[in-house]
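A short write-up of the structure that comes next.
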Amino acid sequence: KSDPARKTKPIGEGVTLLAELDIKGSGGMEQLMSAAGLKETILPIGGTLSPQVFDVKLPKEQRLKGMSLSMALPNLSIPGIPSSFKMKAPIFNISDAMPPAIADLKNPNIPTAGPFTSIGMGLAMDALGKVHEFDALMLLATDVSGKQIIDLMGRAKQPKGFFSFGGLTATSLDLASVYMDKSWEFKLEGEAELNKKAVSYFVDVKQESGKVEYVATLEGGTAGISAGDVAGRKVPGLDDLKLKKITVTNDDLIADLEYASVKGEIAAFHPQGFPSAVMAITLDKVGFSALIPGTKGTPLDGISLDKLTMMLVPENKQLLPTDQAIPSILSENINQVLADLTKSDPARKTKPIGEGVTLLAELDIKG
């Protein structure tokens with residue numbers, strides 16, 4: 001029914017198995033079909049077995065060698081799969097050999113030896129207007145705790161173009177989705193270069209109100225990732241500032257930091273025509289002398305800066321405060337401070353932010 005050519009295909013030499021596979025109540029096999037959105041519990045299957053399969057004196061590996069059982073499946077209906085994922089030509093397979101689609105992956109859940117029970121398919125993923133093709137595999141596996149799970153794995157044939165954040169280029173892009181407790185968690189992972197610095201990443205794939213969003217978290221290993229790595233240029237005083245919880249969504253990068261012993265956030269973004277990122281640091285409250293040590297012991301000592309935003313604009317560039325590229329996390333602080341400044345200087349609201357470091361804050365002189 002799903003593979004019409006099978007009816008006239010010659011039966012080759014050796015041992016051929018033709019049967020109906022009853023998976024009802026089988027646990028793992030039934031879980032695999034449920035993860036694929038298939039309700040069938042009787043599966044016609046055919047293929048070859050090792051000539052030594054019936055020799056009970058031989059070790060298991062030898063008896064399984066050469067086993068390859070398969071059947072074409074109807075179109076899958078994976079529950080909860082993002083609308084940006086499209087699948088074709090699914091094949092159910094039981095084999096003693098590791099499927100080529102996962103042979104180069106480093107997923108710890110991949111079994112070290114067969115039999116491998118899987119559903120292979122072609123998968124196309126639309127991300128940021130570019131389609132990435134995968135030889136994908138849904139594999140019955142066991143996680144590090146010994147719990148039976150289903151992994152959706154595979155490597156993109158062409159990872160470049162996955163990221164739109166300037167300076168960030170994927171060098172590998174892998175499916176890393178997991179089905180457990182009757183639900184899917186759709187993720188991606190891979191390696192990338194951030195302005196020539198090697199980083200790794202994982203991606204949460206989320207769909208809300210019909211829109212699919214890819215939220216990437218970057219990791220820089222033991223060396224970490226600095227503000228200078230993100231900027232792609234020298235940022236005096238910030239080059240070695242280590243960032244935490246670095247996420248990239250479309251062309252925005254947001255991270256946590258600690259500056260002048262105060263926790264805050266840093267954002268990086270590329271307005272149109274900016275090859276280098278604009279950097280912005282936000283801190284809720286910081287002492288003036290802590291931010292600028294040279295002011296300690298002067299009349300500025302004891303003053304605090306509230307709702308602080310420091311904008312670092314690349315050389316020979318300027319940025320309008322109303323630029324749509326500014327992330328909402330920053331625009332709230334900027335608009336609040338500019339609204340107060342325009343009370344005495346109306347032109348301030350639309351004045352471009354020039355190159356270098358611009359400070360926007362509310363000065364608290366109390367005490």
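In the structure tokens, the first chain shown is A, the next is B, and so on; residue numbers restart at 1 for each chain, and ligands run from 1 in the order shown.
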_Just want the 7 Å neighbourhood of segment 215-231 of chain A, counted on only C-alpha atoms, with same-chain residues fewer than 6 positions away dropped. Output as a list in words._
Leu194, Asn195, Lys197, Val199, Ser200, Tyr201, Phe202, Val203, Asp204, Val205, Leu238, Asp239, Asp240, Leu241, Lys242, Leu243, Lys245, Ile246, Thr247, Val248, Thr249, Ser276, Ala277 and Met279 of chain A
*Can you list every residue in segment 55-254 of chain A that DSSP puts in strand (DSSP E or B), as JSON, numbers by chain?*
{"A": [68, 69, 70, 71, 72, 85, 86, 87, 88, 89, 90, 91, 92, 93, 94, 95, 116, 117, 118, 119, 120, 121, 122, 123, 124, 125, 126, 127, 130, 131, 132, 133, 134, 135, 136, 137, 138, 139, 140, 141, 142, 148, 149, 150, 151, 152, 153, 154, 155, 156, 168, 169, 170, 174, 175, 176, 177, 178, 179, 180, 183, 184, 185, 187, 188, 189, 190, 191, 192, 193, 194, 197, 198, 199, 200, 201, 202, 203, 204, 205, 206, 207, 208, 211, 212, 213, 214, 215, 216, 217, 218, 219, 226, 242, 244, 245, 246, 247, 248, 249, 252, 253, 254]}
*Would you list the contacts of Gly287 of chain A as number ranges by chain, taking every protein, DNA or RNA residue within 7 Å and counting only C-alpha atoms, but skipping same-chain residues closer than 4 positions in sequence?*
A: 291, 302-305
Sorted by chain and rising residue number, which residues of segment 59-169 of chain A lie within 9 Å of segment 21-29 of chain A, and what are their closest atom pairs and distances in Å to one decimal, counting only C-alpha atoms, as CSV?
```
residue,atom,partner,partner_atom,distance
A:Thr117,CA,A:Met29,CA,8.1
A:Leu140,CA,A:Gly28,CA,6.9
A:Ala141,CA,A:Gly28,CA,8.7
A:Gln148,CA,A:Gly28,CA,7.1
A:Ile149,CA,A:Gly28,CA,8.1
A:Ile150,CA,A:Gly28,CA,8.7
```
*Quote the spacing between atom CA of Leu300 of chain A and atom CA of Leu359 of chain A in Å to one decimal place.*
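A separation of 15.4 Å between them.
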*Mind listing the helix (DSSP H, G or I) residues of segment 136-363 of chain A, per DSSP on the backbone, as number ranges by chain?*
A: 221-223, 227-231, 288-291, 293-295, 328-341, 346-350
_Using only C-alpha atoms, can you tell me which of A:Val15, A:Ala103, A:Ile334, A:Met87 comes closest to Asp126 of chain A?_
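Comparing A:Val15, A:Ala103, A:Ile334, A:Met87 against Asp126 of chain A, the winner is A:Met87.
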*asked:* I need the residue nearest Gly146 of chain A from this list: A:Asn109, A:Ile329, A:Phe274, A:Leu18. Use only C-alpha atoms for the distance.
replied: A:Asn109
_Which residues are close to Ser164 of chain A, i.e. within 9 Å by only C-alpha atoms, leaving aside same-chain residues fewer than 6 positions away? Reply as a ChimeraX atom specification._
/A:128,249-252
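Using only C-alpha atoms, the residues found no farther than 12 Å from Ser209 of chain A, other than those of its own chain fewer than 4 positions away, are Pro82, Ser83 and Glu213 of chain A.
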Generate the output file for the selected residues, C-alpha atoms, as a short mmCIF file (atom, residue, chain, number, x, y, z; two decimals), in the first residue's frame.
```cif
data_model
loop_
_atom_site.label_atom_id
_atom_site.label_comp_id
_atom_site.auth_asym_id
_atom_site.auth_seq_id
_atom_site.Cartn_x
_atom_site.Cartn_y
_atom_site.Cartn_z
CA PRO A 82 6.74 23.29 14.01
CA SER A 83 5.08 24.32 10.76
CA GLU A 213 10.93 31.33 16.41
#
```
